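As provided, work23.txt (compact mmCIF, C-alpha atoms) reads as follows.
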# COMPACT_ATOMS: atom_id res chain seq x y z
CA MET Y 1 17.29 -120.03 -193.15
CA SER Y 2 18.75 -118.62 -196.32
CA SER Y 3 20.03 -120.89 -199.07
CA SER Y 4 23.57 -119.67 -198.38
CA THR Y 5 23.27 -121.26 -194.93
CA ARG Y 6 22.36 -124.59 -196.55
CA GLU Y 7 25.28 -124.23 -198.93
CA GLU Y 8 27.56 -123.67 -195.99
CA VAL Y 9 26.05 -126.64 -194.12
CA LEU Y 10 26.56 -128.97 -197.06
CA ARG Y 11 30.08 -127.68 -197.66
CA HIS Y 12 30.76 -128.25 -193.96
CA LEU Y 13 29.52 -131.84 -194.11
CA GLN Y 14 31.80 -132.53 -197.05
CA THR Y 15 34.74 -130.93 -195.27
CA VAL Y 16 34.39 -132.78 -191.95
CA GLY Y 17 34.33 -136.00 -193.95
CA GLN Y 18 37.83 -135.17 -195.06
CA LEU Y 19 38.98 -134.48 -191.49
CA GLN Y 20 39.21 -138.15 -190.54
CA PRO Y 21 42.56 -139.10 -192.00
CA ALA Y 22 44.32 -139.99 -188.75
CA LEU Y 23 43.88 -143.74 -189.22
CA HIS Y 24 43.63 -144.80 -192.82
CA LYS Y 25 40.91 -147.36 -192.48
CA GLN Y 26 37.25 -147.29 -191.57
CA THR Y 27 36.92 -146.52 -187.85
CA HIS Y 28 33.29 -145.73 -187.10
CA ALA Y 29 31.96 -147.21 -183.86
CA PRO Y 30 34.44 -150.10 -183.56
CA ALA Y 31 33.68 -153.02 -181.26
CA PRO Y 32 35.91 -152.95 -178.16
CA THR Y 33 37.70 -156.07 -179.39
CA GLU Y 34 38.83 -154.19 -182.50
CA ILE Y 35 40.89 -151.75 -180.42
CA THR Y 36 44.26 -153.24 -179.59
CA HIS Y 37 46.44 -151.79 -176.83
CA THR Y 38 48.65 -150.19 -179.50
CA LEU Y 39 45.69 -148.46 -181.10
CA TYR Y 40 44.22 -147.45 -177.75
CA ARG Y 41 47.50 -145.85 -176.74
CA ALA Y 42 47.79 -144.07 -180.08
CA TYR Y 43 44.27 -142.67 -179.73
CA THR Y 44 44.65 -141.49 -176.14
CA ARG Y 45 48.13 -140.03 -176.26
CA SER Y 46 48.60 -136.28 -175.83
CA ALA Y 47 48.35 -134.82 -179.33
CA HIS Y 48 51.28 -132.43 -178.78
CA ASP Y 49 53.74 -135.29 -178.15
CA VAL Y 50 54.88 -135.48 -181.76
CA GLY Y 51 58.59 -136.05 -181.17
CA GLY Y 52 59.85 -138.96 -183.25
CA GLU Y 53 56.72 -139.30 -185.38
CA TYR Y 54 57.13 -139.92 -189.06
CA ASP Y 55 56.13 -136.90 -191.11
CA VAL Y 56 56.88 -135.05 -194.30
CA PRO Y 57 59.28 -132.07 -194.20
CA ILE Y 58 57.59 -128.77 -193.30
CA GLU Y 59 58.46 -125.75 -195.42
CA TRP Y 60 59.80 -122.85 -193.37
CA HIS Y 61 57.90 -119.56 -193.77
CA GLU Y 62 59.06 -116.34 -192.19
CA LYS Y 63 55.91 -114.37 -191.35
CA GLU Y 64 55.14 -111.60 -188.90
CA GLU Y 65 52.24 -111.99 -186.48
CA GLU Y 66 48.98 -110.37 -187.46
CA VAL Y 67 47.28 -107.89 -185.14
CA TRP Y 68 44.60 -110.37 -184.06
CA GLU Y 69 47.36 -112.82 -183.14
CA LEU Y 70 49.11 -110.28 -180.93
CA ASN Y 71 45.76 -109.36 -179.35
CA THR Y 72 45.07 -113.03 -178.71
CA PHE Y 73 48.39 -113.40 -176.93
CA ALA Y 74 47.65 -110.36 -174.75
CA THR Y 75 44.14 -111.65 -173.95
CA CYS Y 76 45.49 -115.04 -172.89
CA GLU Y 77 48.14 -113.44 -170.69
CA CYS Y 78 45.46 -111.30 -169.05
CA LEU Y 79 43.43 -114.43 -168.33
CA ALA Y 80 46.52 -115.86 -166.60
CA TRP Y 81 47.18 -112.61 -164.77
CA ARG Y 82 43.58 -112.63 -163.49
CA GLY Y 83 43.94 -116.22 -162.34
CA VAL Y 84 41.55 -117.82 -164.83
CA TRP Y 85 44.19 -120.31 -165.90
CA THR Y 86 47.88 -121.13 -165.53
CA ALA Y 87 50.16 -121.40 -168.56
CA GLU Y 88 50.06 -125.18 -168.18
CA GLU Y 89 46.27 -125.31 -168.22
CA ARG Y 90 46.30 -123.13 -171.34
CA ARG Y 91 48.78 -125.47 -173.04
CA ARG Y 92 46.78 -128.52 -172.09
CA ARG Y 93 43.64 -127.02 -173.54
CA GLN Y 94 45.09 -125.57 -176.75
CA ASN Y 95 47.47 -128.41 -177.61
CA VAL Y 96 45.87 -131.57 -176.26
CA ASP Y 97 42.19 -131.15 -175.39
CA VAL Y 98 41.49 -129.90 -178.92
CA GLY Y 99 42.44 -133.31 -180.34
CA GLN Y 100 44.87 -134.23 -183.06
CA THR Y 101 42.84 -133.00 -186.03
CA ILE Y 102 42.54 -129.46 -184.65
CA TYR Y 103 46.05 -129.49 -183.15
CA LEU Y 104 47.56 -130.15 -186.57
CA GLY Y 105 44.90 -128.39 -188.61
CA LEU Y 106 44.33 -124.92 -187.14
CA PRO Y 107 46.85 -122.05 -186.90
CA TYR Y 108 48.80 -121.66 -183.67
CA TYR Y 109 47.08 -118.51 -182.40
CA GLY Y 110 43.74 -119.75 -183.70
CA ARG Y 111 44.00 -122.51 -181.08
CA TRP Y 112 44.93 -119.95 -178.41
CA LEU Y 113 41.89 -117.84 -179.24
CA MET Y 114 39.46 -120.76 -179.38
CA THR Y 115 40.77 -121.97 -176.04
CA ALA Y 116 40.42 -118.55 -174.42
CA ALA Y 117 36.74 -118.51 -175.37
CA LEU Y 118 36.20 -122.07 -174.16
CA ILE Y 119 37.73 -121.61 -170.74
CA LEU Y 120 35.44 -118.65 -170.04
CA ILE Y 121 32.52 -121.02 -170.68
CA ASP Y 122 34.01 -124.00 -168.85
CA LYS Y 123 34.64 -121.90 -165.76
CA GLN Y 124 31.21 -120.26 -166.07
CA TYR Y 125 32.31 -116.67 -166.61
CA VAL Y 126 30.01 -116.57 -169.65
CA THR Y 127 27.42 -118.99 -170.96
CA LEU Y 128 27.65 -120.59 -174.38
CA THR Y 129 24.40 -118.84 -175.32
CA GLU Y 130 25.97 -115.48 -174.47
CA LEU Y 131 28.99 -116.32 -176.63
CA HIS Y 132 26.79 -117.46 -179.53
CA ASP Y 133 24.72 -114.26 -179.23
CA LYS Y 134 27.91 -112.19 -179.30
CA ILE Y 135 29.23 -114.01 -182.36
CA GLU Y 136 25.88 -113.36 -184.08
CA GLU Y 137 26.03 -109.68 -183.12
CA VAL Y 138 29.58 -109.27 -184.43
CA ARG Y 139 28.74 -111.21 -187.59
CA LYS Y 140 25.79 -108.89 -188.33
CA ARG Y 141 27.92 -105.80 -187.66
CA TYR Y 142 30.58 -107.14 -190.00
CA GLU Y 143 28.04 -107.85 -192.76
CA GLN Y 144 26.66 -104.30 -192.48
CA SER Y 145 30.06 -102.63 -192.60
CA MET G 1 24.71 -118.22 -161.94
CA SER G 2 25.95 -121.12 -159.82
CA ARG G 3 29.69 -121.42 -159.93
CA VAL G 4 32.21 -123.70 -158.25
CA GLU G 5 33.91 -121.61 -155.57
CA HIS G 6 37.58 -121.36 -156.37
CA ASP G 7 40.16 -118.81 -155.30
CA ARG G 8 41.43 -117.96 -158.75
CA THR G 9 44.19 -115.78 -157.31
CA HIS G 10 45.72 -118.58 -155.25
CA HIS G 11 48.66 -118.95 -157.62
CA ALA G 12 49.26 -115.19 -157.88
CA LYS G 13 49.27 -114.99 -154.07
CA ILE G 14 52.29 -117.27 -153.77
CA ALA G 15 54.10 -116.28 -156.99
CA THR G 16 53.83 -112.47 -157.07
CA GLY G 17 57.22 -110.88 -156.48
CA VAL G 18 58.82 -114.30 -156.14
CA GLY G 19 58.34 -115.96 -159.50
CA ASP G 20 57.38 -119.42 -160.64
CA PRO G 21 58.88 -122.00 -160.06
CA GLN G 22 60.79 -120.11 -157.31
CA CYS G 23 57.58 -119.98 -155.24
CA PHE G 24 57.69 -123.79 -154.91
CA LYS G 25 61.28 -123.87 -153.61
CA GLY G 26 61.70 -126.12 -150.59
CA LYS G 27 58.32 -127.84 -151.03
CA ALA G 28 59.42 -131.04 -152.77
CA GLY G 29 61.42 -132.47 -149.89
CA LYS G 30 64.76 -134.19 -150.34
CA ALA G 31 65.80 -134.86 -153.95
CA LYS G 32 65.82 -138.59 -154.62
CA PHE G 33 68.58 -138.40 -157.26
CA LYS G 34 71.90 -136.59 -157.49
CA VAL G 35 74.06 -135.27 -160.34
CA GLY G 36 75.73 -138.12 -162.20
CA ASP G 37 73.03 -140.71 -161.39
CA ARG G 38 72.02 -142.95 -164.27
CA VAL G 39 68.22 -143.07 -164.46
CA ARG G 40 65.63 -144.79 -166.61
CA VAL G 41 62.44 -142.93 -167.62
CA LYS G 42 59.33 -144.81 -166.54
CA ASP G 43 56.57 -145.39 -169.04
CA ARG G 44 53.80 -143.95 -166.89
CA PRO G 45 50.30 -143.58 -168.34
CA ASP G 46 50.06 -140.67 -170.78
CA ILE G 47 46.29 -140.38 -171.01
CA PHE G 48 44.81 -136.83 -170.91
CA TYR G 49 48.09 -134.93 -170.47
CA THR G 50 51.82 -135.30 -170.11
CA ARG G 51 54.93 -133.39 -171.05
CA THR G 52 57.26 -136.36 -170.71
CA MET G 53 57.84 -137.24 -174.32
CA THR G 54 57.15 -140.80 -175.40
CA TYR G 55 60.52 -140.99 -177.15
CA VAL G 56 62.49 -140.79 -173.87
CA ARG G 57 60.44 -143.44 -172.07
CA GLY G 58 62.40 -146.56 -171.27
CA ALA G 59 65.68 -144.86 -172.15
CA VAL G 60 68.56 -144.40 -169.71
CA GLY G 61 70.16 -140.99 -169.23
CA THR G 62 72.44 -139.14 -166.83
CA ILE G 63 71.28 -136.46 -164.40
CA VAL G 64 73.26 -133.26 -164.93
CA ARG G 65 71.27 -130.91 -162.67
CA ALA G 66 68.38 -130.76 -160.22
CA VAL G 67 66.80 -127.71 -161.84
CA TYR G 68 63.81 -126.66 -159.74
CA GLU G 69 60.83 -127.79 -157.71
CA SER G 70 57.36 -127.45 -159.22
CA PRO G 71 54.03 -129.20 -159.48
CA PRO G 72 54.27 -131.66 -162.39
CA ALA G 73 52.63 -130.48 -165.61
CA GLU G 74 50.04 -133.24 -165.23
CA ASP G 75 48.77 -131.54 -162.05
CA GLU G 76 49.32 -127.91 -162.94
CA ALA G 77 47.32 -128.39 -166.14
CA TRP G 78 44.23 -128.61 -163.90
CA ASP G 79 45.46 -125.92 -161.50
CA ASN G 80 46.50 -128.41 -158.82
CA THR G 81 49.63 -127.11 -157.12
CA ASP G 82 49.80 -129.07 -153.85
CA ASN G 83 52.02 -131.90 -155.11
CA VAL G 84 55.46 -130.34 -155.68
CA VAL G 85 58.23 -132.50 -157.15
CA TRP G 86 61.87 -132.16 -158.21
CA PHE G 87 62.64 -131.66 -161.89
CA TYR G 88 65.95 -132.95 -163.23
CA SER G 89 67.84 -132.06 -166.36
CA ILE G 90 68.86 -135.31 -167.98
CA VAL G 91 71.27 -135.95 -170.83
CA PHE G 92 70.63 -138.83 -173.22
CA SER G 93 72.83 -140.13 -175.98
CA GLN G 94 70.93 -139.65 -179.24
CA ARG G 95 71.94 -143.19 -180.16
CA ASP G 96 69.96 -144.44 -177.14
CA LEU G 97 66.82 -142.64 -178.32
CA TRP G 98 66.76 -143.33 -182.06
CA PRO G 99 67.66 -146.81 -183.33
CA GLU G 100 68.65 -145.54 -186.78
CA TYR G 101 70.88 -142.71 -185.46
CA HIS G 102 74.17 -143.01 -187.32
CA GLU G 103 77.30 -143.90 -185.34
CA VAL G 104 79.18 -141.11 -187.14
CA TYR G 105 77.21 -138.78 -184.85
CA GLY G 106 77.65 -141.07 -181.85
CA GLY G 107 78.70 -138.15 -179.62
CA ASP G 108 75.40 -136.29 -180.08
CA THR G 109 73.29 -135.80 -176.96
CA LEU G 110 69.83 -134.52 -176.06
CA GLU G 111 69.11 -132.73 -172.77
CA THR G 112 65.62 -132.38 -171.36
CA GLU G 113 63.80 -131.83 -168.05
CA ILE G 114 61.81 -134.62 -166.44
CA PRO G 115 59.95 -134.68 -163.11
CA GLU G 116 61.08 -137.11 -160.42
CA MET G 117 58.01 -139.39 -160.52
CA TYR G 118 59.08 -140.54 -163.99
CA LEU G 119 62.55 -141.65 -162.90
CA GLU G 120 64.03 -144.83 -161.47
CA LYS G 121 67.65 -145.79 -160.83
CA ALA G 122 69.10 -147.50 -163.89
File written out as structure tokens:
Amino acid sequence: MSSSTREEVLRHLQTVGQLQPALHKQTHAPAPTEITHTLYRAYTRSAHDVGGEYDVPIEWHEKEEEVWELNTFATCECLAWRGVWTAEERRRRQNVDVGQTIYLGLPYYGRWLMTAALILIDKQYVTLTELHDKIEEVRKRYEQS
Amino acid sequence: MSRVEHDRTHHAKIATGVGDPQCFKGKAGKAKFKVGDRVRVKDRPDIFYTRTMTYVRGAVGTIVRAVYESPPAEDEAWDNTDNVVWFYSIVFSQRDLWPEYHEVYGGDTLETEIPEMYLEKA
């Protein structure tokens, strides 16, 4: 492996350490008795149910969709049209199954796209190895271009 | 490759040319509530998936419309469409939802759709 891979790995490890802000105290491997009902409910609620939560104001940005975002939308609609998922299954996967950190942290259509790839694996239309091979292939093509 | 056998066009077969939720019309049986009924939203479990917002749970609202019949989101999210229920449009006073809502805006309301299994007579 090249040293740039190690750099990326180490940068990744630093970054994921910062992705644990949901509960501002140490939470690793708690004993069952440390999880109250209130905490349990907070952990297991659907991440998209944000109505009424305290938060800071969000700045409004007017921005047109990028081409990959429009393509993602069309891909997801085709998956529905071909019966791979219903709109509700898509929402469940892209808004809730991803967990709170990803729900709040990744762009809207980024979650659509990630979910489209995952359902093809979950429902065994492609294997994860095939997807990884394809990502490698595209990555190499991109580096050579 | 071994694959769970599943007719992935089963939804298209009933919805094509008809629409969704129209394709579920008549499948929920008799509506339990009528327009004008005061109902309280049950605090059912919310683990794994729900679209009934936490902030309406336990609150009392008024039914303004029986809007359509459909599988609840909790079922449809796993492609289960056999259990069809009535959805009602319910109006809440904002003051009943948010304790700090100022009385100056006491006339403000919020309207949202909730499936029948979440509702009980208030």
Please find the residues of chain G near chain Y - the criterion being any atom within 8 Å, counting all atoms listed in the file - and write them as a PDB file with C-alpha atoms, keeping the file's coordinate frame.
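Heads up, here's the output in part.pdb:
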ATOM      1  CA  MET G   1      24.710-118.220-161.940  1.00  0.00           C
ATOM      2  CA  ARG G   3      29.690-121.420-159.930  1.00  0.00           C
ATOM      3  CA  ARG G   8      41.430-117.960-158.750  1.00  0.00           C
ATOM      4  CA  THR G   9      44.190-115.780-157.310  1.00  0.00           C
ATOM      5  CA  HIS G  10      45.720-118.580-155.250  1.00  0.00           C
ATOM      6  CA  HIS G  11      48.660-118.950-157.620  1.00  0.00           C
ATOM      7  CA  ALA G  12      49.260-115.190-157.880  1.00  0.00           C
ATOM      8  CA  ASP G  46      50.060-140.670-170.780  1.00  0.00           C
ATOM      9  CA  ILE G  47      46.290-140.380-171.010  1.00  0.00           C
ATOM     10  CA  PHE G  48      44.810-136.830-170.910  1.00  0.00           C
ATOM     11  CA  TYR G  49      48.090-134.930-170.470  1.00  0.00           C
ATOM     12  CA  THR G  50      51.820-135.300-170.110  1.00  0.00           C
ATOM     13  CA  ARG G  51      54.930-133.390-171.050  1.00  0.00           C
ATOM     14  CA  MET G  53      57.840-137.240-174.320  1.00  0.00           C
ATOM     15  CA  THR G  54      57.150-140.800-175.400  1.00  0.00           C
ATOM     16  CA  TYR G  55      60.520-140.990-177.150  1.00  0.00           C
ATOM     17  CA  ALA G  73      52.630-130.480-165.610  1.00  0.00           C
ATOM     18  CA  GLU G  76      49.320-127.910-162.940  1.00  0.00           C
ATOM     19  CA  ALA G  77      47.320-128.390-166.140  1.00  0.00           C
ATOM     20  CA  TRP G  78      44.230-128.610-163.900  1.00  0.00           C
ATOM     21  CA  ASP G  79      45.460-125.920-161.500  1.00  0.00           C
TER      22      ASP G  79
END
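Picture a line from CA of Trp68 in chain Y to CA of Gly110 in chain Y; it runs 9.4 Å.
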Give as a list in words every residue, naming chains and numbers as the document does, that has an atom within 12 Å of (64.0, -124.0, -159.6), counting all atoms listed in the file.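 The requested residues, written out, are Val18, Gly19, Asp20, Pro21, Gln22, Cys23, Phe24, Lys25, Gly26, Lys27, Ala28, Arg65, Ala66, Val67, Tyr68, Glu69, Ser70, Pro71, Val84, Val85, Trp86, Phe87, Tyr88, Ser89, Glu113 and Pro115 of chain G.
A straight line drawn from CA of Asp43 in chain G to CA of Gly105 in chain Y is 28.4 Å long.
We find CA of Asp75 in chain G and CA of Met117 in chain G to be spaced 12.2 Å apart.
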**Prompt:** Could you name the residues that touch Ala59 in chain G at 6 Å or less, counting all atoms listed in the file, but leaving out those on the same chain fewer than 2 positions away, as an MDAnalysis selection string?
**Reply:** chainID G and resid 40:41 56:57
Please produce an output containing C-alpha atoms for each residue in the selection, written as a CSV table (one decimal), keeping the file's coordinate frame.
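Listing of part-v4.csv after writing:
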chain,number,residue,atom,x,y,z
G,40,ARG,CA,65.6,-144.8,-166.6
G,41,VAL,CA,62.4,-142.9,-167.6
G,56,VAL,CA,62.5,-140.8,-173.9
G,57,ARG,CA,60.4,-143.4,-172.1
